[in-house]
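Trainee: Let me give you the structure first, and then I'll get to my questions.
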2 protein chains.
Amino acid sequence: MPDTNRQWLLTDRPHGQPTLDAFELVEEPVPEPGPKEVLLKTLWMSVDPYMRGRMRATDSYADYWELDEPMRCHLVGEVVESKHPDWEPGDIATERLQWAEYNVVDGHDLDRIDPDLAPLSTFVGVLGMPGRTAYFGLLEVGEPKPGETVVVSGAAGAVGSVVGQIAKINGCRVVGTAGSDEKVDWLTDELGFDDAINYKETDDYVAALEAACPDGIDVYFDNVGGAITDAVFEHLNEFARVVICGQIALYNLEEQPTGPRKFRMVNTHRLRIQGFIVGDFSNRNEEAMARLGGWVTNGDIQYRETVTEGFERAPEALIGLFEGENIGKQVVHVADVED
Amino acid sequence: MPDTNRQWLLTDRPHGQPTLDAFELVEEPVPEPGPKEVLLKTLWMSVDPYMRGRMRATDSYADYWELDEPMRCHLVGEVVESKHPDWEPGDIATERLQWAEYNVVDGHDLDRIDPDLAPLSTFVGVLGMPGRTAYFGLLEVGEPKPGETVVVSGAAGAVGSVVGQIAKINGCRVVGTAGSDEKVDWLTDELGFDDAINYKETDDYVAALEAACPDGIDVYFDNVGGAITDAVFEHLNEFARVVICGQIALYNLEEQPTGPRKFRMVNTHRLRIQGFIVGDFSNRNEEAMARLGGWVTNGDIQYRETVTEGFERAPEALIGLFEGENIGKQVVHVADVED
């Protein structure tokens with residue numbers, strides 16, 4: 001085992017799109033586990049759009065990141081040393097921990113992973129937080145019914161791609177928006193979306209959505225916000241549900257963005273617009289894992305990952321999310337399981 | 001019985017604030033009831049903010065008003081001639097009918113009123129559509145819990161004044177916004193609101209709401225929209241419910257209004273923003289009537305009416321709504337019960 005532990009710190013609060021200047025790679029000694037603790041070696045790290053909010057010193061549902069402290073992420077790791085009776089070296093686990101090659105953590109807080117069930121990286125993707133986000137957000141907040149039309153923005157991302165496939169499993173017509181022809185082709189040719197719109201090549205979102213959604217839109221799962229969302233509202237049916245999962249198009253804006261006021265239509269169309277975070281449903285994680293696992297196993301849900309190689313490139317991977325560089329789940333490959 | 005029946009027609013689609021030019025008073029012969037029909041003499045007419053939407057030739061939850069045709073309103077009338085077995089002259093009834101001194105209507109469509117229960121005008125107010133709107137909108141969409149803070153905009157109107165009092169009955173802290181000191185005094189001194197804000201005399205809505213809502217806002221019942229609503233959003237608690245009942249501040253705007261985008265906060269605070277119309281709950285009208293009637297009888301709900309005298313002044317009464325001239329329910333007194 002090496003005696004240095006690399007960590008990524010947030011050293012500046014970015015304005016607009018984050019750049020590499022905001023992060024600093026430092027080396028510390030590998031920490032020693034205390035009683036009931038384990039030392040976990042990072043194998044796979046997750047970078048996710050919500051992290052942009054943690055860089056901002058404003059209150060939200062979770063604490064923001066302090067400057068000059070390690071950032072946090074969901075990761076998959078291997079136990080390399082254990083002082084907790086439930087864990088032994090070689091065990092695989094997942095938890096939200098520091099952006100670091102090694103973390104010390106209370107063994108009670110770790111979630112065990114069965115490495116025979118699926119590739120380890122999926123436990124921060126389709127079988128992890130993004131998959132659960134799609135599952136609870138669509139089914140519990142969006143409440144799609146068979147035959148309804150579901151539109152997903154950011155459809156080629158880790159959450160959106162699973163949302164669309166769960167909507168298909170539930171008998172819906174599914175239309176996605178994404179930012180490249182490659183993404184659009186993946187959605188329609190491989191994931192079974194009924195239609196998909198490359199918003200970067202579309203001048204008139206309203207017309208494109210009208211063509212793709214001849215019966216209007218009953219559920220809108222919004223990862224993006226902004227102009228695409230405005231266009232979707234032009235086609236929402238009465239009693240439509242709008243699930244606000246993310247607003248990535250707005251995350252890098254420094255000023256409060258403005259747009260069309262929507263509440264007259266909320267009234268006349270009896271819309272329901274509702275936000276959620278995946279943690280609101282954490283008491284049902286096992287249910288979500290079981291169902292998502294079943295769908296992945298039987299092929300109803302396919303997934304794709306964009307892999308960035310190397311712990312030292314984690315900030316690049318995060319920045320890439322805001323430029324739409326990922327298809328499917330963006331992960332960082334840090335290390336392999338020890339022999 | 002006179003042989004002429006005065007009617008108000010919509011003859012122009014107003015731009016911005018409606019003016020009297022948009023309406024025309026015409027005389028027709030009093031219509032003759034056919035089989036199963038009754039002739040109803042109008043006693044009290046209701047004018048309501050939603051009517052602004054009917055003047056616009058755009059699709060909504062209800063058909064818009066055709067030009068050169070009579071407009072429609074909720075009214076209370078007296079049966080003066082009946083060819084329906086359930087009705088006889090002298091009976092009192094309510095229904096949504098034409099802006100006319102006399103209407104012919106299928107007896108099956110009329111709702112009977114017990115004139116001993118409450119003053120007749122209340123059946124288009126606290127015991128009519130506005131009262132039911134408050135009842136269902138607050139309880140079914142807003143879901144207030146005891147101890148929560150409820151803010152109502154347009155609080156001195158027909159709906160808002162009832163919303164606030166039902167929230168008080170349910171053990172909430174209640175704060176209203178209204179447009180005059182007289183209205184504010186009525187809310188706090190007579191209706192039991194915990195606080196009220198005269199928005200016309202307030203420069204900083206955000207600060208005023210912060211002072212009035214020290215624990216934040218859990219339910220916002222919005223009749224108004226625009227800047228007041230933007231300020232309320234600054235104080236919404238996590239899992240707050242926003243009931244979109246009306247947006248009267250926007251009804252006379254010809255251009256699509258813009259304002260701060262709110263969906264990031266919908267996500268982080270897990271807000272639920274939901275629109276409704278009273279007709280969505282029409283299968284529960286009897287329940288609402290029974291409960292509202294009980295509260296009015298025992299004094300838990302007080303009401304006030306602004307009465308415009310004379311059928312010929314009905315358009316004035318409607319226009320006045322958009323200038324905030326009414327306190328409580330705006331009604332038009334057309335005639336008294338025949339001796």
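Going by the structure tokens order, chains are called A, B, ..., each with residues numbered from 1, while ligands are numbered from 1 in the order shown.
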Residues within 7 Å of range 223-239 of chain B, please, as a VMD selection string. Count only C-alpha atoms; anything in the same chain fewer than 2 positions from it doesn't count.

Mentor: chain B and resid 153 to 154 205 to 206 216 to 218 221 241 244 to 250 269 to 272

Trainee: Counting only C-alpha atoms, which residues from chain B have an atom at most 6 Å from any atom of chain A, and could you show them as a PyMOL selection string?

Mentor: chain B and resi 61+244+257-261+266-268+270-276

Trainee: Env of range 107-114 of chain A: 8 Å cut, atoms = only C-alpha atoms, seq-sep filter 5 positions within chain, self excluded. Answer as a PDB file with C-alpha atoms, in the first residue's frame.

Mentor:
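Produced file out.pdb, reproduced below:
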```
ATOM      1  CA  LYS A  36     -15.141   0.268  14.050  1.00  0.00           C
ATOM      2  CA  GLU A  37     -13.642   2.013  11.047  1.00  0.00           C
ATOM      3  CA  VAL A  38     -12.402   0.671   7.744  1.00  0.00           C
ATOM      4  CA  HIS A  84     -15.192  -3.282  12.008  1.00  0.00           C
ATOM      5  CA  ASP A  86     -18.720  -6.732   9.415  1.00  0.00           C
ATOM      6  CA  TRP A  87     -15.960  -5.903   6.959  1.00  0.00           C
ATOM      7  CA  ASP A  91     -15.054  -6.465   0.474  1.00  0.00           C
ATOM      8  CA  ILE A  92     -16.601  -3.976  -1.918  1.00  0.00           C
ATOM      9  CA  ALA A  93     -18.728  -1.087  -0.663  1.00  0.00           C
ATOM     10  CA  THR A  94     -20.265   2.219  -1.689  1.00  0.00           C
ATOM     11  CA  GLU A  95     -20.823   5.460   0.179  1.00  0.00           C
ATOM     12  CA  PHE A 123     -23.203   1.135  -8.426  1.00  0.00           C
TER      13      PHE A 123
END
```

Trainee: Excluding Arg291 in chain A and residues on its chain fewer than 6 positions from it, collect all residues at most 12 Å away from it, counting only C-alpha atoms, and give them as a PyMOL selection string.

Mentor: chain A and resi 126-127+131-132+135-136+166+169+284-285+297-298+300-301

Trainee: Find, counting only C-alpha atoms, the residue in A:Asp194, A:Asn283, A:Glu81, A:Leu97 that gets nearest to Gln165 in chain A.

Mentor: A:Asp194

Trainee: Any idea what's packed within 9 Å of Leu253 in chain B, counting only C-alpha atoms, ignoring anything in its chain fewer than 6 positions away? Could you give it as a ChimeraX atom specification?

Mentor: /B:15-17

Trainee: Take the residues from that selection and write them out as an mmCIF file, in the first residue's frame, keeping N, CA, C and O atoms.

Mentor:
```cif
data_model
loop_
_atom_site.group_PDB
_atom_site.id
_atom_site.type_symbol
_atom_site.label_atom_id
_atom_site.label_comp_id
_atom_site.auth_asym_id
_atom_site.auth_seq_id
_atom_site.Cartn_x
_atom_site.Cartn_y
_atom_site.Cartn_z
ATOM 1 N N HIS B 15 -58.059 44.908 -25.089
ATOM 2 C CA HIS B 15 -56.604 44.812 -24.932
ATOM 3 C C HIS B 15 -56.274 45.458 -23.602
ATOM 4 O O HIS B 15 -56.677 46.587 -23.348
ATOM 5 N N GLY B 16 -55.564 44.729 -22.757
ATOM 6 C CA GLY B 16 -55.268 45.285 -21.435
ATOM 7 C C GLY B 16 -56.528 45.372 -20.595
ATOM 8 O O GLY B 16 -57.430 44.522 -20.705
ATOM 9 N N GLN B 17 -56.570 46.354 -19.725
ATOM 10 C CA GLN B 17 -57.707 46.528 -18.824
ATOM 11 C C GLN B 17 -58.989 46.724 -19.633
ATOM 12 O O GLN B 17 -59.055 47.577 -20.517
#
```

Trainee: Nearest residue to Thr149 in chain B out of B:Leu209, B:Leu120, B:Ala178, B:Leu187, using only C-alpha atoms?

Mentor: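 Among the listed residues, B:Leu209 lies closest to Thr149 in chain B.
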
Trainee: Which residues, written as a ChimeraX atom specification, have at least one atom at most 8 Å from Tyr303 in chain B, with only C-alpha atoms counted and residues fewer than 6 positions away on the same chain left out?

Mentor: /B:126,161-162,328-329

Trainee: For the residues in that selection, give me N, CA, C and O atoms as a PDB file, in the first residue's frame.

Mentor:
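The resulting file, again.pdb, is shown below:
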```pdb
ATOM      1  N   VAL B 126     -69.639  33.381  -0.555  1.00  0.00           N
ATOM      2  CA  VAL B 126     -69.030  32.479   0.422  1.00  0.00           C
ATOM      3  C   VAL B 126     -69.641  31.086   0.363  1.00  0.00           C
ATOM      4  O   VAL B 126     -68.954  30.095   0.651  1.00  0.00           O
ATOM      5  N   SER B 161     -60.358  35.751   1.176  1.00  0.00           N
ATOM      6  CA  SER B 161     -60.842  35.971   2.541  1.00  0.00           C
ATOM      7  C   SER B 161     -61.335  34.670   3.163  1.00  0.00           C
ATOM      8  O   SER B 161     -61.200  34.459   4.371  1.00  0.00           O
ATOM      9  N   VAL B 162     -61.880  33.787   2.348  1.00  0.00           N
ATOM     10  CA  VAL B 162     -62.345  32.494   2.864  1.00  0.00           C
ATOM     11  C   VAL B 162     -61.159  31.547   3.066  1.00  0.00           C
ATOM     12  O   VAL B 162     -61.095  30.818   4.059  1.00  0.00           O
ATOM     13  N   GLY B 328     -64.106  41.842  -0.222  1.00  0.00           N
ATOM     14  CA  GLY B 328     -64.923  40.643  -0.202  1.00  0.00           C
ATOM     15  C   GLY B 328     -65.519  40.404  -1.583  1.00  0.00           C
ATOM     16  O   GLY B 328     -64.960  40.812  -2.600  1.00  0.00           O
ATOM     17  N   LYS B 329     -66.661  39.787  -1.584  1.00  0.00           N
ATOM     18  CA  LYS B 329     -67.269  39.341  -2.842  1.00  0.00           C
ATOM     19  C   LYS B 329     -67.943  40.496  -3.576  1.00  0.00           C
ATOM     20  O   LYS B 329     -68.774  41.200  -3.006  1.00  0.00           O
TER      21      LYS B 329
END
```

Trainee: Quick check, in Å to one decimal: how far apart do CA of Thr58 in chain A and CA of Gly157 in chain A lie?

Mentor: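 Separating CA of Thr58 in chain A from CA of Gly157 in chain A is a distance of 25.8 Å.
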
Trainee: List every residue of range 17-117 of chain A that DSSP, applied to the backbone of this structure, assigns to strand (DSSP E), and report them as a VMD selection string.

Mentor: chain A and resid 23 to 29 37 to 46 69 to 70 72 to 82 92 to 98 102 to 106 111 to 112

Trainee: Figure out the distance between CA of Glu190 in chain A and CA of Gln302 in chain A, please, to one decimal in Å.

Mentor: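 Taking CA of Gln302 in chain A as the start and CA of Glu190 in chain A as the end point, the length is 8.1 Å.
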
Trainee: CA of Asp336 in chain B and CA of Gly299 in chain B, how far apart in Å?

Mentor: 26.0 Å
